[in-house]
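Undergrad: Sharing start.tsv below, TSV, C-alpha atoms:
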chain	number	residue	atom	x	y	z
A	1375	MET	CA	0.00	0.00	0.00
A	1376	LYS	CA	1.20	3.45	-0.89
A	1377	LEU	CA	-0.10	6.69	0.60
A	1378	ARG	CA	0.46	10.23	-0.60
A	1379	ILE	CA	0.07	12.71	2.25
A	1380	LYS	CA	-0.36	16.45	1.87
A	1381	ASN	CA	0.68	18.73	4.74
A	1382	TRP	CA	-1.87	21.55	4.78
A	1383	TYR	CA	-0.27	23.34	7.72
A	1384	ASP	CA	1.09	26.81	6.95
A	1385	PHE	CA	3.96	26.70	9.47
A	1386	SER	CA	4.28	23.21	11.01
A	1387	ASN	CA	6.37	20.34	9.70
A	1388	LEU	CA	4.68	16.94	10.03
A	1389	ASN	CA	7.70	15.75	12.03
A	1390	GLU	CA	6.01	17.39	15.02
A	1391	TYR	CA	3.44	14.60	14.86
A	1392	ILE	CA	3.30	10.82	15.05
A	1393	PHE	CA	1.54	9.07	12.19
A	1394	HIS	CA	-0.45	6.00	13.31
A	1395	TRP	CA	-1.94	3.41	10.99
A	1396	ASN	CA	-3.60	0.02	11.06
A	1397	VAL	CA	-5.47	-2.34	8.77
A	1398	THR	CA	-8.47	-4.02	10.41
A	1399	THR	CA	-10.86	-6.48	8.76
A	1400	ASP	CA	-14.64	-6.38	8.93
A	1401	SER	CA	-14.48	-9.15	11.54
A	1402	GLY	CA	-12.32	-6.98	13.78
A	1403	GLU	CA	-9.00	-8.74	13.11
A	1404	ARG	CA	-6.02	-6.37	12.99
A	1405	LEU	CA	-3.78	-7.46	10.13
A	1406	ALA	CA	-1.07	-4.81	10.35
A	1407	GLU	CA	-0.21	-1.63	12.21
A	1408	GLY	CA	2.60	0.81	12.74
A	1409	THR	CA	3.76	4.32	13.55
A	1410	ASN	CA	5.97	6.74	11.66
A	1411	VAL	CA	7.38	10.22	11.98
A	1412	LEU	CA	7.18	11.93	8.61
A	1413	ASP	CA	9.42	14.80	7.55
A	1414	CYS	CA	7.20	16.98	5.39
A	1415	GLU	CA	7.42	20.76	5.16
A	1416	PRO	CA	4.31	22.99	5.26
A	1417	HIS	CA	2.23	22.55	2.09
A	1418	GLY	CA	4.56	19.76	1.04
A	1419	THR	CA	3.67	16.24	-0.11
A	1420	ILE	CA	5.23	12.93	0.90
A	1421	ASP	CA	4.74	9.36	-0.36
A	1422	ILE	CA	5.05	6.47	2.08
A	1423	GLN	CA	4.92	2.69	1.67
A	1424	LEU	CA	3.03	0.64	4.25
A	1425	GLY	CA	3.62	-2.75	2.67
A	1426	ASN	CA	1.12	-5.27	1.34
A	1427	VAL	CA	-1.73	-6.82	3.29
A	1428	LEU	CA	-3.53	-9.99	2.20
A	1429	LEU	CA	-7.18	-10.52	3.06
A	1430	SER	CA	-8.57	-14.00	3.65
A	1431	LYS	CA	-11.61	-15.31	1.79
A	1432	LYS	CA	-13.81	-14.67	4.82
A	1433	ASP	CA	-13.09	-10.92	4.70
A	1434	ARG	CA	-15.57	-8.90	2.64
A	1435	GLU	CA	-13.53	-5.77	3.26
A	1436	ALA	CA	-10.92	-4.21	5.51
A	1437	TYR	CA	-10.25	-0.67	6.69
A	1438	LEU	CA	-7.04	1.31	6.58
A	1439	ASN	CA	-7.23	3.67	9.54
A	1440	VAL	CA	-4.77	6.56	9.79
A	1441	SER	CA	-4.42	9.22	12.48
A	1442	TRP	CA	-2.00	11.75	13.94
A	1443	THR	CA	-1.02	12.78	17.46
A	1444	ARG	CA	1.60	15.27	18.59
A	1445	LYS	CA	5.06	14.06	19.58
A	1446	GLU	CA	5.12	16.49	22.50
A	1447	ASP	CA	2.53	18.46	24.40
A	1448	SER	CA	1.83	21.97	23.14
A	1449	PRO	CA	0.04	24.78	25.00
A	1450	MET	CA	-3.16	23.91	23.12
A	1451	ILE	CA	-2.89	20.20	22.32
A	1452	ALA	CA	-1.81	17.33	24.57
A	1453	LYS	CA	0.26	14.61	22.94
A	1454	ASP	CA	-2.41	11.95	23.48
A	1455	TRP	CA	-5.05	13.94	21.58
A	1456	GLU	CA	-5.88	12.85	18.06
A	1457	VAL	CA	-5.55	15.87	15.78
A	1458	ALA	CA	-6.55	14.25	12.47
A	1459	TYR	CA	-7.80	10.95	11.11
A	1460	ASP	CA	-9.02	9.30	7.95
A	1461	GLN	CA	-10.20	5.89	6.81
A	1462	PHE	CA	-10.01	3.99	3.54
A	1463	ILE	CA	-12.06	0.93	2.58
A	1464	LEU	CA	-10.04	-1.97	1.13
A	1465	PRO	CA	-12.23	-4.34	-0.91
A	1466	GLY	CA	-12.04	-8.04	-0.19
A	1467	TYR	CA	-14.22	-11.01	-1.05
A	1468	LYS	CA	-17.67	-9.43	-1.42
A	1469	ASN	CA	-19.47	-12.78	-1.63
A	1470	SER	CA	-18.18	-14.02	1.73
A	1471	THR	CA	-20.95	-15.14	4.10
A	1472	ALA	CA	-18.75	-15.67	7.15
A	1473	HIS	CA	-20.50	-12.82	8.98
A	1474	ARG	CA	-23.94	-14.42	8.76
A	1475	PRO	CA	-25.39	-16.44	11.64
A	1476	GLN	CA	-26.20	-20.12	11.27
A	1477	LYS	CA	-29.77	-21.36	11.31
A	1478	ALA	CA	-30.87	-21.24	14.94
A	1479	GLY	CA	-34.17	-23.13	14.79
A	1480	GLU	CA	-37.59	-23.05	13.21
A	1481	THR	CA	-38.56	-19.59	11.92
A	1482	THR	CA	-42.19	-18.69	11.37
A	1483	PHE	CA	-43.78	-15.41	10.31
A	1484	THR	CA	-47.22	-13.90	9.92
A	1485	VAL	CA	-48.37	-11.00	7.76
A	1486	ASP	CA	-51.38	-8.96	8.83
A	1487	LYS	CA	-54.11	-9.35	6.20
A	1488	GLU	CA	-55.50	-5.85	6.85
A	1489	THR	CA	-52.25	-3.85	6.84
A	1490	GLY	CA	-49.72	-6.02	5.02
A	1491	ALA	CA	-47.30	-5.47	7.89
A	1492	LEU	CA	-45.08	-8.20	9.34
A	1493	ALA	CA	-47.13	-8.98	12.44
A	1494	SER	CA	-45.08	-11.84	13.86
A	1495	LEU	CA	-41.55	-13.24	13.62
A	1496	SER	CA	-40.91	-16.24	15.83
A	1497	LEU	CA	-38.04	-18.62	16.51
A	1498	ASP	CA	-39.10	-22.04	17.80
A	1499	GLY	CA	-42.41	-20.53	18.84
A	1500	ARG	CA	-40.88	-17.59	20.72
A	1501	GLU	CA	-42.09	-14.19	19.46
A	1502	LEU	CA	-39.33	-11.68	18.69
A	1503	LEU	CA	-41.46	-8.62	17.84
A	1504	SER	CA	-43.45	-6.42	20.20
A	1505	THR	CA	-45.12	-4.46	17.37
A	1506	PRO	CA	-45.53	-5.11	13.63
A	1507	VAL	CA	-42.82	-4.11	11.15
A	1508	THR	CA	-44.20	-1.17	9.15
A	1509	LEU	CA	-43.08	1.43	6.64
A	1510	SER	CA	-41.45	4.54	8.15
A	1511	LEU	CA	-41.27	7.96	6.46
A	1512	PHE	CA	-41.03	10.37	9.43
A	1513	ARG	CA	-38.67	11.04	12.31
A	1514	PRO	CA	-39.24	12.87	15.61
A	1515	THR	CA	-38.21	16.32	14.49
A	1516	THR	CA	-34.92	17.90	15.42
A	1517	ASP	CA	-34.47	21.60	16.14
A	1518	ASN	CA	-33.03	21.95	12.64
A	1519	ASP	CA	-35.94	20.05	11.04
A	1520	ASN	CA	-38.41	22.53	12.51
A	1521	ARG	CA	-36.66	25.43	10.74
A	1522	ASP	CA	-35.72	23.72	7.48
A	1523	LYS	CA	-37.88	24.64	4.45
A	1524	ASN	CA	-37.67	21.00	3.32
A	1525	GLY	CA	-38.17	19.59	6.80
A	1526	ALA	CA	-40.84	19.12	9.45
A	1527	ARG	CA	-43.41	21.52	7.99
A	1528	LEU	CA	-43.63	19.55	4.75
A	1529	TRP	CA	-43.55	16.17	6.55
A	1530	ARG	CA	-46.43	17.11	8.84
A	1531	LYS	CA	-48.41	18.78	6.05
A	1532	ALA	CA	-48.32	15.49	4.12
A	1533	GLY	CA	-49.28	13.63	7.29
A	1534	LEU	CA	-46.14	11.46	7.32
A	1535	ASP	CA	-46.07	11.65	11.13
A	1536	ASN	CA	-49.13	9.40	11.39
A	1537	ILE	CA	-49.42	6.86	8.59
A	1538	THR	CA	-51.27	3.57	8.35
A	1539	GLN	CA	-51.27	0.75	5.81
A	1540	LYS	CA	-54.32	-0.68	4.05
A	1541	VAL	CA	-54.06	-3.86	2.01
A	1542	VAL	CA	-55.10	-3.65	-1.64
A	1543	SER	CA	-54.05	-7.19	-2.52
A	1544	LEU	CA	-52.36	-10.05	-0.70
A	1545	LYS	CA	-51.01	-13.37	-1.96
A	1546	GLU	CA	-49.76	-16.12	0.34
A	1547	GLY	CA	-47.44	-18.94	-0.67
A	1548	LYS	CA	-45.82	-21.77	1.28
A	1549	ASN	CA	-42.84	-19.69	2.42
A	1550	SER	CA	-43.68	-16.27	1.06
A	1551	THR	CA	-46.30	-13.55	1.18
A	1552	THR	CA	-46.76	-10.60	-1.17
A	1553	ALA	CA	-48.80	-7.57	-0.16
A	1554	ARG	CA	-49.66	-4.35	-1.94
A	1555	VAL	CA	-50.85	-1.61	0.38
A	1556	GLU	CA	-52.02	1.95	0.27
A	1557	VAL	CA	-50.18	4.19	2.69
A	1558	LEU	CA	-52.65	6.62	4.27
A	1559	ASN	CA	-52.26	9.66	6.50
A	1560	ALA	CA	-54.58	10.50	9.40
A	1561	LYS	CA	-56.95	12.33	7.04
A	1562	GLY	CA	-57.35	9.19	4.95
A	1563	GLN	CA	-55.37	10.64	2.05
A	1564	LYS	CA	-53.16	8.23	0.13
A	1565	VAL	CA	-49.55	9.37	0.44
A	1566	GLY	CA	-48.22	6.48	-1.57
A	1567	THR	CA	-48.30	2.81	-2.48
A	1568	ALA	CA	-46.02	0.13	-1.07
A	1569	ASP	CA	-45.32	-3.44	-2.14
A	1570	PHE	CA	-43.94	-5.90	0.43
A	1571	ILE	CA	-42.51	-9.29	-0.45
A	1572	TYR	CA	-41.76	-11.54	2.52
A	1573	ALA	CA	-39.71	-14.63	1.69
A	1574	LEU	CA	-38.42	-17.23	4.15
A	1575	ASP	CA	-35.32	-19.15	3.06
A	1576	ARG	CA	-34.09	-22.57	4.14
A	1577	ASN	CA	-31.64	-21.01	6.59
A	1578	GLY	CA	-34.46	-19.46	8.59
A	1579	ALA	CA	-33.85	-15.93	7.33
A	1580	LEU	CA	-36.78	-13.73	6.35
A	1581	LYS	CA	-36.12	-11.33	3.47
A	1582	VAL	CA	-38.37	-8.28	3.42
A	1583	ASN	CA	-38.31	-6.59	0.02
A	1584	THR	CA	-40.10	-3.23	-0.06
A	1585	THR	CA	-40.96	-0.85	-2.88
A	1586	PHE	CA	-42.53	2.51	-2.11
A	1587	GLU	CA	-43.90	5.03	-4.57
A	1588	PRO	CA	-44.96	8.34	-2.99
A	1589	ASP	CA	-47.85	10.42	-4.26
A	1590	THR	CA	-45.89	13.52	-5.20
A	1591	ALA	CA	-49.04	15.64	-5.25
A	1592	ILE	CA	-49.04	15.34	-1.45
A	1593	VAL	CA	-45.54	14.26	-0.50
A	1594	LYS	CA	-42.93	16.94	-1.19
A	1595	SER	CA	-40.25	15.76	1.23
A	1596	MET	CA	-39.56	12.71	3.42
A	1597	ALA	CA	-37.53	12.36	6.58
A	1598	ARG	CA	-36.61	8.76	5.88
A	1599	LEU	CA	-37.48	5.66	3.91
A	1600	GLY	CA	-37.30	2.43	5.82
A	1601	LEU	CA	-38.92	0.06	8.29
A	1602	THR	CA	-39.64	0.42	11.97
A	1603	PHE	CA	-40.81	-1.86	14.78
A	1604	ARG	CA	-40.46	-2.29	18.53
A	1605	VAL	CA	-39.00	-5.11	20.61
A	1606	ALA	CA	-38.96	-5.92	24.31
A	1607	ASP	CA	-36.41	-3.98	26.35
A	1608	THR	CA	-34.71	-7.25	27.28
A	1609	TYR	CA	-33.02	-7.04	23.85
A	1610	ASP	CA	-30.48	-4.55	25.15
A	1611	GLN	CA	-27.26	-5.97	23.70
A	1612	VAL	CA	-26.52	-4.17	20.42
A	1613	SER	CA	-23.65	-4.76	18.02
A	1614	TYR	CA	-23.15	-3.55	14.48
A	1615	LEU	CA	-20.62	-3.06	11.70
A	1616	GLY	CA	-20.89	0.55	10.60
A	1617	ARG	CA	-19.91	4.07	11.60
A	1618	GLY	CA	-19.62	4.85	15.30
A	1619	ASP	CA	-19.38	4.92	18.17
A	1620	ASN	CA	-21.25	8.25	18.08
A	1621	GLU	CA	-24.43	9.07	16.16
A	1622	THR	CA	-23.92	9.82	12.48
A	1623	TYR	CA	-26.18	11.11	9.70
A	1624	ALA	CA	-25.83	11.40	5.92
A	1625	ASP	CA	-24.27	14.86	6.26
A	1626	ARG	CA	-22.33	13.93	9.41
A	1627	ASP	CA	-20.99	10.47	8.63
A	1628	GLN	CA	-17.30	11.41	8.58
A	1629	SER	CA	-17.58	12.01	12.33
A	1630	GLY	CA	-17.62	8.23	12.80
A	1631	ARG	CA	-15.31	5.49	11.58
A	1632	ILE	CA	-16.48	2.17	10.19
A	1633	GLY	CA	-15.84	-0.59	12.68
A	1634	LEU	CA	-17.33	-3.23	14.93
A	1635	TYR	CA	-19.17	-1.64	17.85
A	1636	ARG	CA	-20.98	-3.00	20.88
A	1637	THR	CA	-23.40	-0.75	22.68
A	1638	THR	CA	-26.90	-0.52	24.20
A	1639	PRO	CA	-30.06	1.39	23.25
A	1640	GLU	CA	-29.51	3.59	26.30
A	1641	ARG	CA	-26.02	4.53	25.14
A	1642	MET	CA	-27.27	5.15	21.59
A	1643	PHE	CA	-29.79	7.71	22.87
A	1644	HIS	CA	-28.65	11.28	23.49
A	1645	TYR	CA	-30.63	13.31	26.01
A	1646	TYR	CA	-31.06	16.60	24.19
A	1647	VAL	CA	-32.68	19.33	26.29
A	1648	VAL	CA	-35.64	19.13	23.91
A	1649	PRO	CA	-36.15	15.42	23.08
A	1650	GLN	CA	-35.77	14.70	19.37
A	1651	SER	CA	-34.50	12.19	16.85
A	1652	THR	CA	-31.12	10.79	17.86
A	1653	GLY	CA	-28.91	7.72	17.85
A	1654	ASN	CA	-28.66	7.10	14.11
A	1655	ARG	CA	-25.79	5.08	12.61
A	1656	THR	CA	-24.80	5.29	8.93
A	1657	ASP	CA	-22.95	2.99	6.51
A	1658	VAL	CA	-24.13	-0.05	8.47
A	1659	ARG	CA	-23.25	-3.45	7.00
A	1660	TRP	CA	-25.13	-5.48	9.60
A	1661	ALA	CA	-26.70	-4.99	13.01
A	1662	LYS	CA	-27.65	-7.37	15.80
A	1663	PHE	CA	-29.68	-6.95	18.97
A	1664	THR	CA	-30.12	-9.72	21.53
A	1665	ASN	CA	-30.97	-10.38	25.15
A	1666	HIS	CA	-28.35	-11.60	27.61
A	1667	SER	CA	-28.97	-15.19	26.49
A	1668	GLY	CA	-28.07	-14.33	22.90
A	1669	GLU	CA	-31.63	-14.53	21.57
A	1670	GLY	CA	-32.65	-11.81	19.13
A	1671	ILE	CA	-32.40	-10.63	15.54
A	1672	PHE	CA	-29.50	-10.17	13.12
A	1673	VAL	CA	-30.17	-7.75	10.23
A	1674	GLU	CA	-28.39	-7.17	6.94
A	1675	SER	CA	-29.19	-5.66	3.57
A	1676	ASN	CA	-27.98	-5.83	-0.01
A	1677	ARG	CA	-26.45	-2.36	0.49
A	1678	THR	CA	-25.27	-0.24	3.38
A	1679	PHE	CA	-28.09	1.11	5.50
A	1680	GLN	CA	-28.88	3.30	8.50
A	1681	PHE	CA	-29.86	1.93	11.90
A	1682	SER	CA	-30.99	3.12	15.30
A	1683	MET	CA	-32.37	1.52	18.44
A	1684	ILE	CA	-33.52	3.73	21.30
A	1685	PRO	CA	-35.44	3.35	24.59
A	1686	PHE	CA	-38.48	5.48	23.69
A	1687	SER	CA	-41.23	5.51	21.08
A	1688	ASP	CA	-41.24	7.93	18.16
A	1689	VAL	CA	-44.67	9.18	19.25
A	1690	LEU	CA	-43.34	10.09	22.70
A	1691	LEU	CA	-40.20	11.74	21.33
A	1692	GLU	CA	-42.27	13.88	18.98
A	1693	LYS	CA	-44.64	14.89	21.78
A	1694	ALA	CA	-42.12	15.47	24.60
A	1695	ARG	CA	-40.81	18.98	25.23
A	1696	HIS	CA	-38.52	18.21	28.19
A	1697	ILE	CA	-36.40	15.26	29.28
A	1698	ASN	CA	-38.70	14.61	32.24
A	1699	ASP	CA	-41.54	13.97	29.76
A	1700	LEU	CA	-39.80	10.78	28.61
A	1701	GLU	CA	-41.25	7.59	30.08
A	1702	ARG	CA	-40.16	4.03	29.37
A	1703	ASP	CA	-42.80	1.51	28.36
A	1704	GLY	CA	-40.84	-1.74	28.33
A	1705	MET	CA	-39.95	-1.60	24.62
A	1706	TYR	CA	-37.17	-0.33	22.37
A	1707	THR	CA	-37.77	1.33	18.99
A	1708	VAL	CA	-35.80	-0.02	16.01
A	1709	HIS	CA	-35.37	1.82	12.72
A	1710	LEU	CA	-33.87	0.23	9.60
A	1711	ASP	CA	-33.51	2.90	6.92
A	1712	ALA	CA	-32.55	2.67	3.29
A	1713	GLU	CA	-32.48	6.47	3.26
A	1714	GLN	CA	-32.63	9.19	5.88
A	1715	ALA	CA	-32.26	12.93	5.41
A	1716	GLY	CA	-29.27	14.74	6.84
A	1717	VAL	CA	-29.81	17.14	9.72
A	1718	GLY	CA	-28.42	20.34	8.23
A	1719	THR	CA	-27.88	23.54	10.22
A	1720	ALA	CA	-31.19	25.37	9.77
A	1721	THR	CA	-31.33	26.74	13.32
A	1722	CYS	CA	-28.37	28.96	12.52
A	1723	GLY	CA	-27.54	28.49	8.83
A	1724	PRO	CA	-28.41	26.52	5.68
A	1725	GLY	CA	-30.84	23.62	5.74
A	1726	VAL	CA	-30.07	20.11	4.52
A	1727	LEU	CA	-28.14	20.24	1.25
A	1728	PRO	CA	-29.88	18.68	-1.79
A	1729	GLN	CA	-27.56	15.67	-1.94
A	1730	TYR	CA	-28.55	14.71	1.61
A	1731	LEU	CA	-32.33	14.79	1.09
A	1732	VAL	CA	-34.38	11.62	0.59
A	1733	PRO	CA	-35.37	11.40	-3.11
A	1734	VAL	CA	-39.15	11.69	-3.46
A	1735	LYS	CA	-39.59	9.00	-6.08
A	1736	LYS	CA	-40.30	5.30	-6.42
A	1737	GLN	CA	-37.61	3.34	-4.60
A	1738	GLY	CA	-36.98	-0.22	-3.53
A	1739	PHE	CA	-34.94	-1.67	-0.67
A	1740	GLU	CA	-34.58	-4.92	1.23
A	1741	PHE	CA	-33.64	-6.15	4.67
A	1742	THR	CA	-33.04	-9.73	5.77
A	1743	LEU	CA	-33.93	-10.68	9.33
A	1744	TYR	CA	-32.20	-13.67	10.91
A	1745	PRO	CA	-33.71	-14.92	14.19
A	1746	ILE	CA	-30.77	-15.99	16.37
A	1747	LYS	CA	-30.07	-17.61	19.71
Please express what this file holds, its structure, as structure tokens.

TA:
Amino acid sequence: MKLRIKNWYDFSNLNEYIFHWNVTTDSGERLAEGTNVLDCEPHGTIDIQLGNVLLSKKDREAYLNVSWTRKEDSPMIAKDWEVAYDQFILPGYKNSTAHRPQKAGETTFTVDKETGALASLSLDGRELLSTPVTLSLFRPTTDNDNRDKNGARLWRKAGLDNITQKVVSLKEGKNSTTARVEVLNAKGQKVGTADFIYALDRNGALKVNTTFEPDTAIVKSMARLGLTFRVADTYDQVSYLGRGDNETYADRDQSGRIGLYRTTPERMFHYYVVPQSTGNRTDVRWAKFTNHSGEGIFVESNRTFQFSMIPFSDVLLEKARHINDLERDGMYTVHLDAEQAGVGTATCGPGVLPQYLVPVKKQGFEFTLYPIK
């Protein structure tokens, strides 16, 4: 591997800093690492060789992580503070399935004939869901959303904060169910049409393929496009491969590095003075949430996705005005998003930039749910 590094400092040579690097696989194995002191004048460029790294066939990708710390303390920066970092994705064997769980038992599922939602997902007769899996287009609004011209005002006007599903057609097979539904707001207006295809494979995994087409006469903007459901608060062990360990959004994702993280819904939730949407993770490859016995759900998609799991309902977050308004109800809220809008800076500057908005057009996405124990 060869890196070309540009020193953007106006007065400092890079030899005042220690360059750290490592290559870590998507399973968390560190393949190589090292440190260097680089002699590079201000606005200069230097090429360095890090050597070659071979990935095994179980590695879908690896990550070259680089960072800098000072060699000595300065009046403003201690030597153990990271002053810069970057990350590069190294492709591996994209068809590897080493990350997937093995079949854990007998999976069964039920689709609601009135709504087309996934009403039940069970492993050996044990229910894993507390509420049905439904389409999600709204998020509890942030301070920025409430001031953004493409944000909360348009979402609420279209009624995306309170949608229901009504089956138009439903077809059941031996291991699959297909449902077409109208997506309605609280006024009974159709905000779009969704097709759900639920297919159970021989490994006990349930693939949920969703296509949503918004009615653009009503829907002018969307907060997100994905699925949401709730699970019992005993499923408090969360792990994922994606950006972390802090919350990230489409226009904030460089604040987190891709890696393997273990956390809890409580740690994923940030207690803003005014409760609002929080806890999102971007560039997620897979996510898993279990109880202390290891029972739960493993989720992946055919592309990177966004994920959150928090201790309160969306309805409560949207309604609450102070932290003391938040009350637990024994369930966690899970969001699996194909798309979610950035958060912008509308309280004090520009709103969400166009490239970070959710496209208001027909889109498809899929998630695969693996019951595990």

Undergrad: Return the single residue from A:Glu1456, A:Asp1607, A:Glu1713, A:Asp1627 that is closest to Pro1685 in chain A, with distances computed using all atoms listed in the file.

TA: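 Checking each of A:Glu1456, A:Asp1607, A:Glu1713, A:Asp1627 against Pro1685 in chain A, counting all atoms listed in the file, the winner is A:Asp1607.
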
Undergrad: State, in Å with one decimal place, the distance from CA of Gly1718 in chain A to CA of Pro1733 in chain A.

TA: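 Atom-to-atom, CA of Gly1718 in chain A to CA of Pro1733 in chain A, that is 16.0 Å.
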
Undergrad: Quick one, how far is CA of Ala1472 in chain A from CA of Thr1552 in chain A?

TA: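 Atom-to-atom, CA of Ala1472 in chain A to CA of Thr1552 in chain A, that is 29.7 Å.
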
Undergrad: Report, in Å with one decimal, the straight-line distance from CA of Thr1505 in chain A to CA of Lys1736 in chain A.

TA: 26.2 Å

Undergrad: Near Val1605 in chain A, within 9 Å and counting only C-alpha atoms, which residues show up once chain neighbours fewer than 2 positions away are dropped, as a PyMOL selection string?

TA: chain A and resi 1502-1505+1603+1607-1609+1704-1708

Undergrad: Using only C-alpha atoms, I'd like a table of the residues in range 1476-1556 of chain A that come within 10 Å of range 1579-1589 of chain A; for each, show the closest atom pair and its distance in Å rounded to one decimal, ordered by chain and ascending number, as CSV.

TA:
residue,atom,partner,partner_atom,distance
A:Gln1476,CA,A:Ala1579,CA,9.6
A:Lys1477,CA,A:Ala1579,CA,7.9
A:Ala1478,CA,A:Ala1579,CA,9.7
A:Glu1480,CA,A:Ala1579,CA,10.0
A:Thr1481,CA,A:Ala1579,CA,7.5
A:Thr1482,CA,A:Leu1580,CA,8.9
A:Phe1483,CA,A:Leu1580,CA,8.2
A:Leu1492,CA,A:Val1582,CA,8.9
A:Leu1495,CA,A:Leu1580,CA,8.7
A:Val1507,CA,A:Val1582,CA,9.8
A:Leu1509,CA,A:Thr1584,CA,8.7
A:Ala1532,CA,A:Asp1589,CA,9.8
A:Asn1549,CA,A:Leu1580,CA,9.4
A:Ser1550,CA,A:Leu1580,CA,9.1
A:Thr1551,CA,A:Val1582,CA,9.8
A:Thr1552,CA,A:Asn1583,CA,9.4
A:Ala1553,CA,A:Thr1584,CA,9.7
A:Arg1554,CA,A:Thr1585,CA,9.4
A:Val1555,CA,A:Phe1586,CA,9.6
A:Glu1556,CA,A:Phe1586,CA,9.8

Undergrad: Neighbours of range 1417-1422 of chain A within 7 Å (all atoms listed in the file; same-chain residues fewer than 5 positions away dropped), as a ChimeraX atom specification?

TA: /A:1376-1384

Undergrad: Determine, counting only C-alpha atoms, which protein, DNA and RNA residues have an atom within 10 Å of an atom of Ser1401 in chain A; residues of the same chain fewer than 6 positions away are not included. Present the result as a PDB file with C-alpha atoms, in the frame of the given file.

TA:
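out10.pdb, written as the output of this step:
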ATOM      1  CA  LYS A1432     -13.810 -14.670   4.820  1.00  0.00           C
ATOM      2  CA  ASP A1433     -13.090 -10.920   4.700  1.00  0.00           C
ATOM      3  CA  ARG A1434     -15.570  -8.900   2.640  1.00  0.00           C
ATOM      4  CA  GLU A1435     -13.530  -5.770   3.260  1.00  0.00           C
ATOM      5  CA  ALA A1436     -10.920  -4.210   5.510  1.00  0.00           C
ATOM      6  CA  ALA A1472     -18.750 -15.670   7.150  1.00  0.00           C
ATOM      7  CA  HIS A1473     -20.500 -12.820   8.980  1.00  0.00           C
ATOM      8  CA  LEU A1615     -20.620  -3.060  11.700  1.00  0.00           C
ATOM      9  CA  GLY A1633     -15.840  -0.590  12.680  1.00  0.00           C
ATOM     10  CA  LEU A1634     -17.330  -3.230  14.930  1.00  0.00           C
TER      11      LEU A1634
END

Undergrad: Using all atoms listed in the file, find the one residue out of A:Gly1618, A:Gly1738, A:Pro1514, A:Gly1533 that sits nearest to Lys1693 in chain A.

TA: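 Nearest to Lys1693 in chain A: A:Pro1514.
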
Undergrad: Calculated over only C-alpha atoms, which of the candidates A:Val1648, A:Leu1731, A:Leu1544, A:Leu1412 has the smallest distance to Glu1488 in chain A?

TA: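 Residue with the minimum atom-to-atom distance to Glu1488 in chain A: A:Leu1544.
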
Undergrad: Tell me which residues come within 8 Å of (-24.0, 6.2, 15.1), as a PDB file with C-alpha atoms, in the coordinates of the input, counting only C-alpha atoms in the file's coordinates.

TA:
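Printed below is result-v8.pdb as written:
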ATOM      1  CA  GLY A1616     -20.890   0.550  10.600  1.00  0.00           C
ATOM      2  CA  ARG A1617     -19.910   4.070  11.600  1.00  0.00           C
ATOM      3  CA  GLY A1618     -19.620   4.850  15.300  1.00  0.00           C
ATOM      4  CA  ASP A1619     -19.380   4.920  18.170  1.00  0.00           C
ATOM      5  CA  ASN A1620     -21.250   8.250  18.080  1.00  0.00           C
ATOM      6  CA  GLU A1621     -24.430   9.070  16.160  1.00  0.00           C
ATOM      7  CA  THR A1622     -23.920   9.820  12.480  1.00  0.00           C
ATOM      8  CA  TYR A1623     -26.180  11.110   9.700  1.00  0.00           C
ATOM      9  CA  GLY A1630     -17.620   8.230  12.800  1.00  0.00           C
ATOM     10  CA  MET A1642     -27.270   5.150  21.590  1.00  0.00           C
ATOM     11  CA  GLY A1653     -28.910   7.720  17.850  1.00  0.00           C
ATOM     12  CA  ASN A1654     -28.660   7.100  14.110  1.00  0.00           C
ATOM     13  CA  ARG A1655     -25.790   5.080  12.610  1.00  0.00           C
ATOM     14  CA  THR A1656     -24.800   5.290   8.930  1.00  0.00           C
ATOM     15  CA  PHE A1681     -29.860   1.930  11.900  1.00  0.00           C
ATOM     16  CA  SER A1682     -30.990   3.120  15.300  1.00  0.00           C
TER      17      SER A1682
END

Undergrad: Using all atoms listed in the file, find the one residue out of A:Arg1530, A:Asp1517, A:Asn1410, A:Ser1470 that sits nearest to Gln1423 in chain A.

TA: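 The shortest atom-to-atom distance to Gln1423 in chain A comes from A:Asn1410.
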
Undergrad: Tell me which residues come within 6 Å of (6.5, 14.6, 16.8), as a list in words, counting all atoms listed in the file in the file's coordinates.

TA: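 With a cut-off of 6 Å, the residues come to Asn1389, Glu1390, Tyr1391, Ile1392, Arg1444 and Lys1445 of chain A.
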